[in-house]
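Q: Sharing a structure below in structure tokens format, with a few things to ask.
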Amino acid sequence: MERYLVLENGSVYIGEGFGSAKVVSGEIVFNTGMTGYQESLTDISYFGQILTFTYPLIGNYGINRDDYESLKPTATAIVSHEIARRPSNWRQQMSIAEWAEKMDLPGITGIDTRALTKEIREHGVMKAAIVDEITDETVANLQDIQPITNEVAKMTTKTTYVNPTEGLSIALIDFGLKNSILRSLAKRGVNVMVFPADVAAQTILDMDPDGVLLSNGPGNPESVAHILPVIRELEAKLPLMGICLGHQLFALANGAETYKLKFGHRGFNHAVRNLVKDQIDFTSQNHGYAVAAESIIGTNLEITHEEINDHTVEGLRLKNRPAFSVQFHPDAAPGPHDAEYLFDDFLAMIVATKKGQKQHA
């Protein structure tokens with residue numbers, strides 16, 4: 001079935017629809033990863049966005065039960081150049097077209113994704129829609145659509161739950177958690193207590209965790225301002241780590257500022273320089289906002305990582321407390337595991353802090 005991808009600047013791309021036949025709209029973004037379409041489509045950080053894959057063939061290894069980052073797709077729609085007709089992988093359960101139909105997820109294929117990506121890079125992220133027909137009002141209606149707000153409140157867990165082990169205990173605040181973060185912690189024997197995004201600091205402190213982790217999530221970090229005093233109270237008493245949105249919130253809580261990138265960083269091949277260890281890590285990233293480097297001046301923060309291509313801030317730490325954050329995903333999934341050592345650094349920080357507290361007791 002022929003369908004149309006319409007951008008708010010009036011551009012139209014013609015393709016073939018697959019999956020759900022519903023009409024949808026959202027912010028259109030692109031991902032440069034060669035693999036990982038299932039993880040990306042179920043990554044809550046893509047909530048409300050139409051996801052374009054720059055790699056020309058999507059779906060060649062199908063969909064399986066093990067690669068979900070959340071229980072269902074959170075992206076609004078799929079845009080691809082081509083989808084595989086005969087996926088082949090020993091883990092696959094169904095094709096991406098069958099999965100999209102089952103999940104009520106619209107897709108459009110046959111799109112010139114290189115031209116579309118160039119347009120997004122030139123004009124910045126835009127609102128877009130996938131429709132069955134184009135009328136005189138299509139673009140005007142698209143321009144009038146208000147962006148989604150309060151994404152974190154819609155996607156965070158509604159109840160506290162535990163992934164129990166006998167190791168160190170981490171309180172994880174869920175702003176749109178990826179399952180791979182839980183897997184990375186479980187692999188290290190960490191007892192994880194997951195709290196909703198509106199949690200009070202005292203609720204966490206009452207559980208006596210050894211450290212706090214701020215998760216990834218969707219949307220503008222300034223829309224989650226209620227958590228900033230909670231972060232300040234927690235970091236004053238416990239070792240803390242932030243990932244992606246958690247990194248941005250950590251920065252805001254400590255006096256820095258954030259801004260929206262023109263087209264964001266979304267993919268699994270972003271080179272980041274670790275300024276502390278003087279090494280390069282290839283990283284998995286998915287964010288539309290960044291921390292303003294100039295806003296770090298005069299705070300207790302210092303920059304630990306930077307993006308090699310555009311020099312955006314990719315990591316921070318407090319000078320006076322055991323607390324740090326990174327913009328990228330050390331859990332990867334998919335992507336290179338160069339930065340997975342950061343989880344070990346966090347646990348070592350917790351152990352050192354506990355040891356220091358005992359010595360001063």
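A note on labels: chains of the structure tokens are A, B, ... as shown, every chain counts residues from 1, and ligands are counted from 1 in their shown order.
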Please return as a compact mmCIF listing (two decimals) with N, CA and C atoms, in the first residue's frame: the residues of range 74-291 of chain A that backbone DSSP assigns to strand (DSSP E).
A:
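What landed in selection-v9.txt:
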# COMPACT_ATOMS: atom_id res chain seq x y z
N ALA A 77 6.97 5.27 14.80
CA ALA A 77 6.92 4.63 13.49
C ALA A 77 8.33 4.32 13.02
N ILE A 78 8.42 3.45 11.99
CA ILE A 78 9.69 3.05 11.38
C ILE A 78 9.78 3.64 9.98
N VAL A 79 10.94 4.20 9.64
CA VAL A 79 11.21 4.65 8.27
C VAL A 79 12.47 3.93 7.81
N GLU A 82 14.77 -0.25 2.94
CA GLU A 82 14.33 -1.59 2.55
C GLU A 82 14.19 -2.44 3.79
N ILE A 83 13.17 -3.28 3.83
CA ILE A 83 13.04 -4.26 4.90
C ILE A 83 13.24 -5.65 4.30
N PRO A 106 3.29 1.50 12.87
CA PRO A 106 3.36 1.79 11.44
C PRO A 106 4.80 1.84 10.93
N GLY A 107 4.98 1.43 9.69
CA GLY A 107 6.27 1.54 9.04
C GLY A 107 6.10 1.97 7.60
N ILE A 108 7.14 2.57 7.06
CA ILE A 108 7.15 2.93 5.64
C ILE A 108 8.52 2.60 5.09
N THR A 109 8.56 1.91 3.96
CA THR A 109 9.81 1.50 3.36
C THR A 109 9.85 1.94 1.90
N MET A 126 12.46 17.69 12.78
CA MET A 126 11.19 18.32 12.44
C MET A 126 10.04 17.39 12.82
N LYS A 127 8.86 17.97 12.86
CA LYS A 127 7.67 17.15 12.99
C LYS A 127 7.38 16.51 11.63
N ALA A 128 6.84 15.30 11.68
CA ALA A 128 6.54 14.56 10.45
C ALA A 128 5.33 13.68 10.69
N ALA A 129 4.77 13.19 9.60
CA ALA A 129 3.60 12.31 9.70
C ALA A 129 3.67 11.27 8.59
N ILE A 130 3.10 10.11 8.86
CA ILE A 130 2.91 9.08 7.84
C ILE A 130 1.42 8.99 7.57
N VAL A 131 1.03 9.28 6.33
CA VAL A 131 -0.38 9.41 5.97
C VAL A 131 -0.69 8.62 4.71
N TYR A 161 10.24 -1.71 42.38
CA TYR A 161 10.47 -3.16 42.32
C TYR A 161 11.96 -3.44 42.50
N VAL A 162 12.28 -4.71 42.76
CA VAL A 162 13.65 -5.10 43.10
C VAL A 162 14.11 -6.23 42.18
N ASN A 163 15.37 -6.12 41.74
CA ASN A 163 16.06 -7.23 41.06
C ASN A 163 17.11 -7.73 42.05
N SER A 169 24.06 -2.79 46.86
CA SER A 169 22.67 -2.38 46.61
C SER A 169 22.64 -1.00 45.96
N ILE A 170 21.98 -0.91 44.80
CA ILE A 170 21.88 0.33 44.04
C ILE A 170 20.42 0.76 43.93
N ALA A 171 20.16 2.01 44.24
CA ALA A 171 18.84 2.59 44.00
C ALA A 171 18.86 3.22 42.60
N LEU A 172 18.02 2.73 41.72
CA LEU A 172 17.98 3.19 40.33
C LEU A 172 16.71 3.98 40.11
N ILE A 173 16.82 5.26 39.75
CA ILE A 173 15.65 6.08 39.46
C ILE A 173 15.35 5.95 37.97
N ASN A 191 22.48 -5.75 43.59
CA ASN A 191 21.07 -5.73 44.01
C ASN A 191 20.47 -4.39 43.60
N VAL A 192 19.49 -4.40 42.70
CA VAL A 192 18.94 -3.16 42.14
C VAL A 192 17.53 -2.93 42.65
N MET A 193 17.31 -1.75 43.21
CA MET A 193 15.97 -1.31 43.60
C MET A 193 15.56 -0.19 42.64
N VAL A 194 14.50 -0.41 41.87
CA VAL A 194 14.07 0.55 40.85
C VAL A 194 12.93 1.40 41.39
N PHE A 195 13.10 2.73 41.31
CA PHE A 195 12.12 3.67 41.84
C PHE A 195 11.54 4.52 40.71
N GLY A 211 24.51 3.08 46.70
CA GLY A 211 24.71 4.09 45.68
C GLY A 211 23.43 4.35 44.91
N VAL A 212 23.47 5.35 44.04
CA VAL A 212 22.29 5.76 43.26
C VAL A 212 22.67 5.84 41.79
N LEU A 213 21.79 5.35 40.92
CA LEU A 213 22.00 5.46 39.48
C LEU A 213 20.80 6.17 38.86
N LEU A 214 21.05 7.19 38.03
CA LEU A 214 20.02 7.92 37.31
C LEU A 214 19.96 7.37 35.89
N LEU A 240 27.04 8.41 43.26
CA LEU A 240 25.97 8.55 42.26
C LEU A 240 26.55 8.48 40.85
N MET A 241 25.79 7.86 39.96
CA MET A 241 26.13 7.78 38.54
C MET A 241 24.90 8.12 37.71
N GLY A 242 25.08 8.86 36.61
CA GLY A 242 24.00 9.20 35.70
C GLY A 242 24.31 8.73 34.29
N ILE A 243 23.27 8.30 33.57
CA ILE A 243 23.42 7.84 32.18
C ILE A 243 22.42 8.59 31.31
N THR A 258 21.42 22.93 29.89
CA THR A 258 21.31 22.05 28.73
C THR A 258 20.67 22.79 27.57
N TYR A 259 20.82 22.24 26.37
CA TYR A 259 20.24 22.83 25.17
C TYR A 259 19.89 21.71 24.19
N LYS A 260 19.04 22.03 23.23
CA LYS A 260 18.65 21.03 22.23
C LYS A 260 19.61 21.05 21.05
N LEU A 261 20.10 19.86 20.69
CA LEU A 261 20.98 19.72 19.53
C LEU A 261 20.17 19.86 18.24
N LYS A 262 20.85 20.22 17.17
CA LYS A 262 20.15 20.42 15.89
C LYS A 262 19.49 19.13 15.40
N PHE A 263 20.24 18.02 15.45
CA PHE A 263 19.66 16.74 15.03
C PHE A 263 20.06 15.58 15.94
N GLY A 264 20.75 15.85 17.02
CA GLY A 264 21.01 14.83 18.03
C GLY A 264 22.10 13.84 17.67
N HIS A 265 22.39 12.98 18.62
CA HIS A 265 23.34 11.87 18.44
C HIS A 265 22.55 10.58 18.64
N ARG A 266 22.40 9.81 17.58
CA ARG A 266 21.66 8.55 17.69
C ARG A 266 22.35 7.51 16.82
N GLY A 267 22.99 6.55 17.48
CA GLY A 267 23.72 5.51 16.76
C GLY A 267 24.68 4.81 17.69
N PHE A 268 25.49 3.91 17.12
CA PHE A 268 26.33 3.05 17.95
C PHE A 268 27.80 3.16 17.56
N ASN A 269 28.18 4.31 17.01
CA ASN A 269 29.53 4.45 16.48
C ASN A 269 30.12 5.82 16.80
N HIS A 270 29.72 6.40 17.92
CA HIS A 270 30.17 7.75 18.27
C HIS A 270 31.47 7.67 19.07
N ALA A 271 32.51 8.31 18.55
CA ALA A 271 33.81 8.31 19.22
C ALA A 271 33.84 9.37 20.31
N VAL A 272 34.23 8.95 21.50
CA VAL A 272 34.27 9.83 22.67
C VAL A 272 35.67 9.77 23.28
N ARG A 273 36.22 10.92 23.61
CA ARG A 273 37.53 10.97 24.26
C ARG A 273 37.36 11.02 25.78
N ASN A 274 37.96 10.05 26.45
CA ASN A 274 38.01 10.04 27.91
C ASN A 274 39.19 10.92 28.32
N GLN A 279 42.02 8.17 26.52
CA GLN A 279 41.73 7.08 25.60
C GLN A 279 40.45 7.41 24.82
N ILE A 280 40.27 6.69 23.71
CA ILE A 280 39.09 6.87 22.88
C ILE A 280 38.18 5.67 23.05
N ASP A 281 36.90 5.92 23.31
CA ASP A 281 35.90 4.86 23.37
C ASP A 281 34.87 5.09 22.27
N PHE A 282 34.50 4.01 21.57
CA PHE A 282 33.37 4.10 20.65
C PHE A 282 32.12 3.74 21.44
N THR A 283 31.09 4.56 21.29
CA THR A 283 29.96 4.49 22.22
C THR A 283 28.61 4.42 21.50
N SER A 284 27.64 3.94 22.25
CA SER A 284 26.24 3.92 21.83
C SER A 284 25.54 5.15 22.39
N GLN A 285 24.86 5.90 21.53
CA GLN A 285 24.23 7.14 21.98
C GLN A 285 22.81 7.29 21.43
N ASN A 286 22.00 7.99 22.19
CA ASN A 286 20.63 8.31 21.77
C ASN A 286 20.14 9.49 22.58
N HIS A 287 20.41 10.70 22.09
CA HIS A 287 19.96 11.88 22.83
C HIS A 287 19.79 13.08 21.89
N GLY A 288 18.82 13.91 22.20
CA GLY A 288 18.57 15.12 21.43
C GLY A 288 18.97 16.38 22.16
N TYR A 289 19.36 16.25 23.43
CA TYR A 289 19.79 17.39 24.25
C TYR A 289 21.22 17.15 24.72
N ALA A 290 21.91 18.22 25.08
CA ALA A 290 23.29 18.11 25.56
C ALA A 290 23.53 19.15 26.65
N VAL A 291 24.59 18.94 27.42
CA VAL A 291 25.00 19.89 28.45
C VAL A 291 25.87 20.98 27.81
Q: So that I can see what lies close to Leu347 in chain A, please list as a list in words the residues with an atom at most 10 Å from it, counting only C-alpha atoms and leaving out residues fewer than 2 positions away in the same chain.
A: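 What passes the distance filter is Leu168, Ser169, Ile170, Leu185, Arg188, Val190, Asp210, Gly211, Pro239, Leu240, Met241, Tyr341, Leu342, Phe343, Asp344, Asp345, Met349, Ile350, Val351, Ala352 and Thr353 of chain A.
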Q: So, with only C-alpha atoms as the atoms that count, which of A:Ser215, A:Asn320, A:Thr299, A:Ser80 lies closest to Asn179 in chain A?
A: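 Of all the options, A:Ser215 lies closest to Asn179 in chain A.
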Q: Just the residues within 7 Å of range 36-41 of chain A, please, counting only C-alpha atoms, with nothing from its chain fewer than 3 positions along; format it as number ranges by chain.
A: A: 33, 63, 67-69, 73-75, 333-334
Q: Let's have the selection written as an mmCIF file, in the first residue's frame, with N, CA, C and O atoms.
A:
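out_9.cif, freshly written:
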data_model
loop_
_atom_site.group_PDB
_atom_site.id
_atom_site.type_symbol
_atom_site.label_atom_id
_atom_site.label_comp_id
_atom_site.auth_asym_id
_atom_site.auth_seq_id
_atom_site.Cartn_x
_atom_site.Cartn_y
_atom_site.Cartn_z
ATOM 1 N N GLY A 33 23.116 3.418 13.327
ATOM 2 C CA GLY A 33 23.600 2.070 13.627
ATOM 3 C C GLY A 33 23.349 1.103 12.488
ATOM 4 O O GLY A 33 22.349 1.193 11.771
ATOM 5 N N ILE A 63 13.083 -10.540 14.467
ATOM 6 C CA ILE A 63 12.785 -10.085 15.828
ATOM 7 C C ILE A 63 12.845 -11.289 16.752
ATOM 8 O O ILE A 63 12.366 -12.378 16.409
ATOM 9 N N ASP A 67 15.997 -9.352 22.778
ATOM 10 C CA ASP A 67 16.597 -8.050 22.477
ATOM 11 C C ASP A 67 15.681 -6.863 22.751
ATOM 12 O O ASP A 67 15.906 -5.774 22.221
ATOM 13 N N TYR A 68 14.669 -7.056 23.569
ATOM 14 C CA TYR A 68 13.792 -5.948 23.931
ATOM 15 C C TYR A 68 14.454 -5.075 24.996
ATOM 16 O O TYR A 68 15.012 -5.585 25.968
ATOM 17 N N GLU A 69 14.372 -3.773 24.815
ATOM 18 C CA GLU A 69 14.799 -2.827 25.850
ATOM 19 C C GLU A 69 13.616 -2.382 26.716
ATOM 20 O O GLU A 69 13.797 -1.815 27.782
ATOM 21 N N PRO A 73 7.308 -1.599 21.503
ATOM 22 C CA PRO A 73 7.947 -0.449 20.850
ATOM 23 C C PRO A 73 7.463 0.867 21.439
ATOM 24 O O PRO A 73 6.273 1.035 21.734
ATOM 25 N N THR A 74 8.387 1.793 21.616
ATOM 26 C CA THR A 74 8.031 3.122 22.120
ATOM 27 C C THR A 74 8.211 4.194 21.045
ATOM 28 O O THR A 74 7.697 5.296 21.205
ATOM 29 N N ALA A 75 8.952 3.886 19.983
ATOM 30 C CA ALA A 75 8.995 4.783 18.831
ATOM 31 C C ALA A 75 7.621 4.820 18.194
ATOM 32 O O ALA A 75 6.825 3.878 18.315
ATOM 33 N N ALA A 333 24.155 -2.213 23.907
ATOM 34 C CA ALA A 333 22.934 -2.972 23.585
ATOM 35 C C ALA A 333 21.993 -2.243 22.639
ATOM 36 O O ALA A 333 20.946 -1.767 23.067
ATOM 37 N N PRO A 334 22.326 -2.188 21.377
ATOM 38 C CA PRO A 334 23.532 -2.762 20.775
ATOM 39 C C PRO A 334 24.648 -1.733 20.735
ATOM 40 O O PRO A 334 24.465 -0.592 21.159
#
Q: Would you work out the distance separating CA of Val23 in chain A from CA of Arg3 in chain A, expressed in Å to one decimal?
A: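 Atom-to-atom, CA of Val23 in chain A to CA of Arg3 in chain A, that is 9.7 Å.
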Q: Record the distance separating CA of Lys154 in chain A and CA of Gly217 in chain A, expressed in Å with one decimal.
A: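 Computed distance, CA of Lys154 in chain A to CA of Gly217 in chain A, equals 10.7 Å.
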Q: Please report the interatomic distance between CA of Tyr55 in chain A and CA of Leu71 in chain A in Å with one decimal.
A: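 A separation of 24.3 Å between them.
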Q: I'd like the contact shell of Arg86 in chain A - 9 Å cut-off, only C-alpha atoms, skipping same-chain residues fewer than 4 positions apart - returned as number ranges by chain.
A: A: 59-62, 95
Q: Which is closest to Glu233 in chain A among A:Ile96, A:Leu7, A:Ile204, A:Leu182, if we use only C-alpha atoms?
A: A:Ile204
Q: Could you list, as a list of chain:residue names, every residue within 10 Å of Phe175 in chain A, counting only C-alpha atoms and ignoring same-chain residues fewer than 4 positions away?
A: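 Once the nearby chain positions are removed, what remains is A:Ile44, A:Ser45, A:Glu151, A:Val152, A:Ala153, A:Lys154, A:Met155, A:Thr156, A:Thr157, A:Phe195, A:Pro196, A:Ala197, A:Asp198, A:Leu214, A:Ser215, A:Asn216, A:Gly217, A:Pro218, A:Gly219, A:Val224, A:Leu245, A:Gly246.
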Q: May I ask which of the residues A:Gly48, A:Gly124, A:Gly167, A:Pro87 is the closest one to Thr149 in chain A, counting only C-alpha atoms?
A: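 Nearest candidate to Thr149 in chain A out of A:Gly48, A:Gly124, A:Gly167, A:Pro87: A:Gly48.
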Q: Counting only C-alpha atoms, which of A:Ile58, A:Leu234, A:Ala186, A:Ile296 gets nearest to Ala97 in chain A?
A: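 With only C-alpha atoms as the atom set, the closest residue is A:Ile58.
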